[in-house]
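Peer 1: This is the structure, below, for whatever I ask next.
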Amino acid sequence: MGSVIALANQKGGVGKTTTSVNLGACLADKGQRVLLIDLDPQGNATSGLGIEKRDIEKSVYDVLINDEPLKNVIRPSSHKGLDIAPTTIALSGAEVELTNLMARETRLKDAFGDVRDNYDFILIDCPPSLGLLTINAFTACDSILIPVQSEYYALEGLSQLLNTIKLVQKHFNPNLAIEGVLLTMYDKRTNLGQKVNAEVRKFFGTRVYKTVIPRNVRLSEAPSHGLAIVDYDKRSRGAHVYQELAKEVLANNGKA
Ligand code: ADP
Ligand code: MG
């Protein structure tokens, strides 16, 4: 059965989607069967992996709201070995629509069926909020990968995130764990970068990945071509660091 990892931080722009897409692609390159579930109504993972929104008939919205089995919406992405459950902007209504549904916190988990048996890793790209979409991800997953941007107030808001994790552990998913904390958009030339790095490591200890993701312009260009970084520019620093991260994640999950 595959490991299910949610990528979450209620702050936007910290690297959740960039990490979902590129970690997913690098795990696939290491022979892992990988599924990426796009749970953000913005659909940046969907378009970033070359899926045209107008070609999507059934999406994650139908899975959550219309009881569509997850396996029915899965399709290949632009990266070989990486499948995607795509989203559309319709998902932005789901946060409210879920409120009135039965089992509203467990709908993603309930839709998994035997999908877990078909993958080694299932990554869930969460929206920038701690609402019902993210709760669904936390209920369905084994662990959470938290990207933290190296900037002022990096740790701000993380106590809310940790509280939400505790609540989900208590009510829905007692074995929910923290997969790891990833420093993103790091600039080692600045004091600030080093300071945030030290602060995050002091707070989270060994749960912080050794791999740190630097700012790399190629990483920000790749999505507009619908490509993972390893397909857009394999020799870039961005490609290299996500390959390193994939090695760490494999080791942490006993698959190295
Ligand atoms: P989130 O999903 O948390 O909102 P994204 O992954 O979409 O964050 O990243 C926010 C923006 O920053 C995007 O435009 C993305 O291309 C860019 N970005 C993310 N990581 C990096 C990086 N390491 N270097 C440069 N740009 C990055
Ligand atoms: Mg995102």
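Each chain in the structure tokens gets a letter, A, B, ..., in the order shown, and its residues are numbered from 1; ligands are numbered from 1 in order too.
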Taking only C-alpha atoms and all ligand atoms into account, report as number ranges by chain which residues have an atom no farther than 10 Å from an atom of ligand 1.

Peer 2: A: 7-22, 40, 42-45, 48, 125-128, 146-149, 183-187, 212-224, 237-238, 241-242

Peer 1: Okay, now the selection with C-alpha atoms, as a short mmCIF file (atom, residue, chain, number, x, y, z; two decimals), in the first residue's frame?

Peer 2:
data_model
loop_
_atom_site.label_atom_id
_atom_site.label_comp_id
_atom_site.auth_asym_id
_atom_site.auth_seq_id
_atom_site.Cartn_x
_atom_site.Cartn_y
_atom_site.Cartn_z
CA LEU A 7 1.72 18.97 1.39
CA ALA A 8 0.26 21.68 3.56
CA ASN A 9 0.77 25.17 4.93
CA GLN A 10 -2.12 27.61 5.10
CA LYS A 11 0.17 30.35 3.82
CA GLY A 12 0.08 30.75 0.08
CA GLY A 13 3.21 30.96 -2.02
CA VAL A 14 5.48 28.87 0.20
CA GLY A 15 6.21 26.14 -2.37
CA LYS A 16 3.50 23.51 -1.75
CA THR A 17 2.64 23.09 -5.42
CA THR A 18 6.22 23.39 -6.68
CA THR A 19 7.22 20.68 -4.21
CA SER A 20 4.22 18.42 -4.99
CA VAL A 21 4.94 18.49 -8.71
CA ASN A 22 8.72 18.17 -8.57
CA ASP A 40 -6.27 23.34 -4.54
CA GLN A 42 -6.41 27.16 -8.21
CA GLY A 43 -5.34 24.00 -10.03
CA ASN A 44 -1.70 25.04 -10.32
CA ALA A 45 -0.46 21.45 -10.06
CA GLY A 48 1.79 22.84 -14.14
CA ASP A 125 -1.34 19.33 -2.91
CA CYS A 126 -3.42 21.30 -0.36
CA PRO A 127 -4.97 24.75 -0.77
CA PRO A 128 -3.67 27.68 1.31
CA ILE A 146 5.21 21.21 5.53
CA PRO A 147 7.04 23.58 3.17
CA VAL A 148 8.25 26.67 5.02
CA GLN A 149 9.44 29.70 3.09
CA LEU A 183 12.81 24.99 3.82
CA THR A 184 12.00 26.60 0.49
CA MET A 185 13.15 29.63 -1.51
CA TYR A 186 16.29 29.76 0.56
CA ASP A 187 18.92 32.39 -0.11
CA VAL A 212 16.99 22.89 1.42
CA ILE A 213 15.31 24.29 -1.70
CA PRO A 214 17.06 27.46 -2.93
CA ARG A 215 15.48 30.16 -5.00
CA ASN A 216 15.88 29.04 -8.60
CA VAL A 217 14.28 30.88 -11.48
CA ARG A 218 13.99 27.70 -13.57
CA LEU A 219 11.62 26.29 -10.92
CA SER A 220 9.30 29.24 -11.41
CA GLU A 221 9.45 29.01 -15.22
CA ALA A 222 8.71 25.29 -15.59
CA PRO A 223 4.94 25.39 -14.75
CA SER A 224 4.11 27.75 -17.62
CA ARG A 237 19.92 23.58 -9.50
CA GLY A 238 16.16 23.18 -8.95
CA VAL A 241 17.65 19.66 -5.15
CA TYR A 242 14.30 17.98 -5.78
#

Peer 1: DSSP on the backbone, alpha helix (DSSP H) only: what residues of stretch 37-208 of chain A does that give? Format it as an MDAnalysis selection string.

Peer 2: chainID A and resid 44:48 60:65 94:99 107:111 132:140 158:171 191:204

Peer 1: Write the selection just made, keeping C-alpha atoms, as a compact mmCIF listing (two decimals), in the first residue's frame?

Peer 2:
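Now in out_25.txt:
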# COMPACT_ATOMS: atom_id res chain seq x y z
CA ASN A 44 -1.70 25.04 -10.32
CA ALA A 45 -0.46 21.45 -10.06
CA THR A 46 -2.94 20.42 -12.75
CA SER A 47 -1.85 23.09 -15.26
CA GLY A 48 1.79 22.84 -14.14
CA VAL A 60 -11.45 16.06 -7.68
CA TYR A 61 -14.60 18.16 -7.21
CA ASP A 62 -16.75 15.22 -8.37
CA VAL A 63 -14.84 12.92 -6.04
CA LEU A 64 -15.58 15.08 -3.01
CA ILE A 65 -19.12 16.19 -3.83
CA ALA A 94 -16.60 22.59 -2.48
CA GLU A 95 -15.43 24.14 0.78
CA VAL A 96 -18.97 25.47 1.33
CA GLU A 97 -20.81 22.54 -0.28
CA LEU A 98 -18.97 20.06 1.93
CA THR A 99 -20.39 21.73 5.03
CA ARG A 107 -14.97 12.06 1.80
CA LEU A 108 -11.55 11.96 0.14
CA LYS A 109 -10.46 9.01 2.26
CA ASP A 110 -13.73 7.20 1.51
CA ALA A 111 -13.20 7.71 -2.25
CA LEU A 132 -12.55 21.32 4.97
CA LEU A 133 -10.44 20.58 1.89
CA THR A 134 -7.27 20.48 3.96
CA ILE A 135 -9.07 18.53 6.72
CA ASN A 136 -10.04 15.96 4.07
CA ALA A 137 -6.38 15.67 3.07
CA PHE A 138 -5.25 15.27 6.71
CA THR A 139 -7.89 12.60 7.31
CA ALA A 140 -6.89 10.65 4.19
CA LEU A 158 2.61 27.13 12.15
CA SER A 159 1.03 26.76 15.61
CA GLN A 160 -2.41 26.95 13.96
CA LEU A 161 -1.31 24.29 11.50
CA LEU A 162 -0.02 22.07 14.32
CA ASN A 163 -3.30 22.57 16.24
CA THR A 164 -5.28 21.47 13.21
CA ILE A 165 -3.08 18.38 12.94
CA LYS A 166 -3.78 17.61 16.63
CA LEU A 167 -7.53 17.98 16.12
CA VAL A 168 -7.51 15.63 13.13
CA GLN A 169 -5.39 13.14 15.11
CA LYS A 170 -7.93 13.23 17.91
CA HIS A 171 -11.08 12.89 15.83
CA ASN A 191 21.58 36.64 7.05
CA LEU A 192 17.84 36.27 7.02
CA GLY A 193 18.00 32.93 5.21
CA GLN A 194 20.50 31.57 7.72
CA LYS A 195 18.53 32.91 10.65
CA VAL A 196 15.27 31.32 9.48
CA ASN A 197 17.08 28.06 8.79
CA ALA A 198 18.41 27.99 12.37
CA GLU A 199 15.04 28.99 13.83
CA VAL A 200 13.10 26.31 11.95
CA ARG A 201 15.65 23.65 12.92
CA LYS A 202 15.45 24.73 16.55
CA PHE A 203 11.67 24.39 16.49
CA PHE A 204 11.30 21.16 14.48

Peer 1: Please report, as a Markdown table, each residue of stretch 100-152 of chain A lying at most 12 Å from stretch 248-253 of chain A, together with the nearest pair of atoms and the separation in Å rounded to one decimal; use only C-alpha atoms, and order rows by chain and ascending residue number.

Peer 2:
| residue | atom | partner | partner_atom | distance |
| --- | --- | --- | --- | --- |
| A:Asp120 | CA | A:Leu250 | CA | 10.1 |
| A:Phe121 | CA | A:Leu250 | CA | 9.7 |
| A:Leu123 | CA | A:Val249 | CA | 11.8 |
| A:Asp142 | CA | A:Asn253 | CA | 10.9 |
| A:Ser143 | CA | A:Asn253 | CA | 10.5 |
| A:Ile144 | CA | A:Val249 | CA | 11.8 |
| A:Leu145 | CA | A:Val249 | CA | 9.9 |

Peer 1: Out of A:Asn118, A:Arg54, A:Arg104, A:Ala90, which residue has the shortest atom-to-atom distance to A:Ile74 when counting only C-alpha atoms?

Peer 2: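 Smallest distance to A:Ile74 is found for A:Asn118.
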
Peer 1: Can you pull out every residue from stretch 7-252 of chain A that DSSP, working from the backbone, puts in strand (DSSP E), and format the result as number ranges by chain?

Peer 2: A: 7, 34-38, 75-76, 82-85, 121-125, 143-149, 177-184

Peer 1: Expressed in Å to a single decimal, how great is the separation between atom CA of A:Ala154 and atom CA of A:Asp233?

Peer 2: 28.8 Å

Peer 1: Which of these, A:Ile124, A:Leu23, A:Leu70, A:Val34, has the shortest distance to ligand 2 once you count only C-alpha atoms and all ligand atoms?

Peer 2: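 Once distances to ligand 2 are computed over only C-alpha atoms and all ligand atoms, the minimum belongs to A:Ile124.
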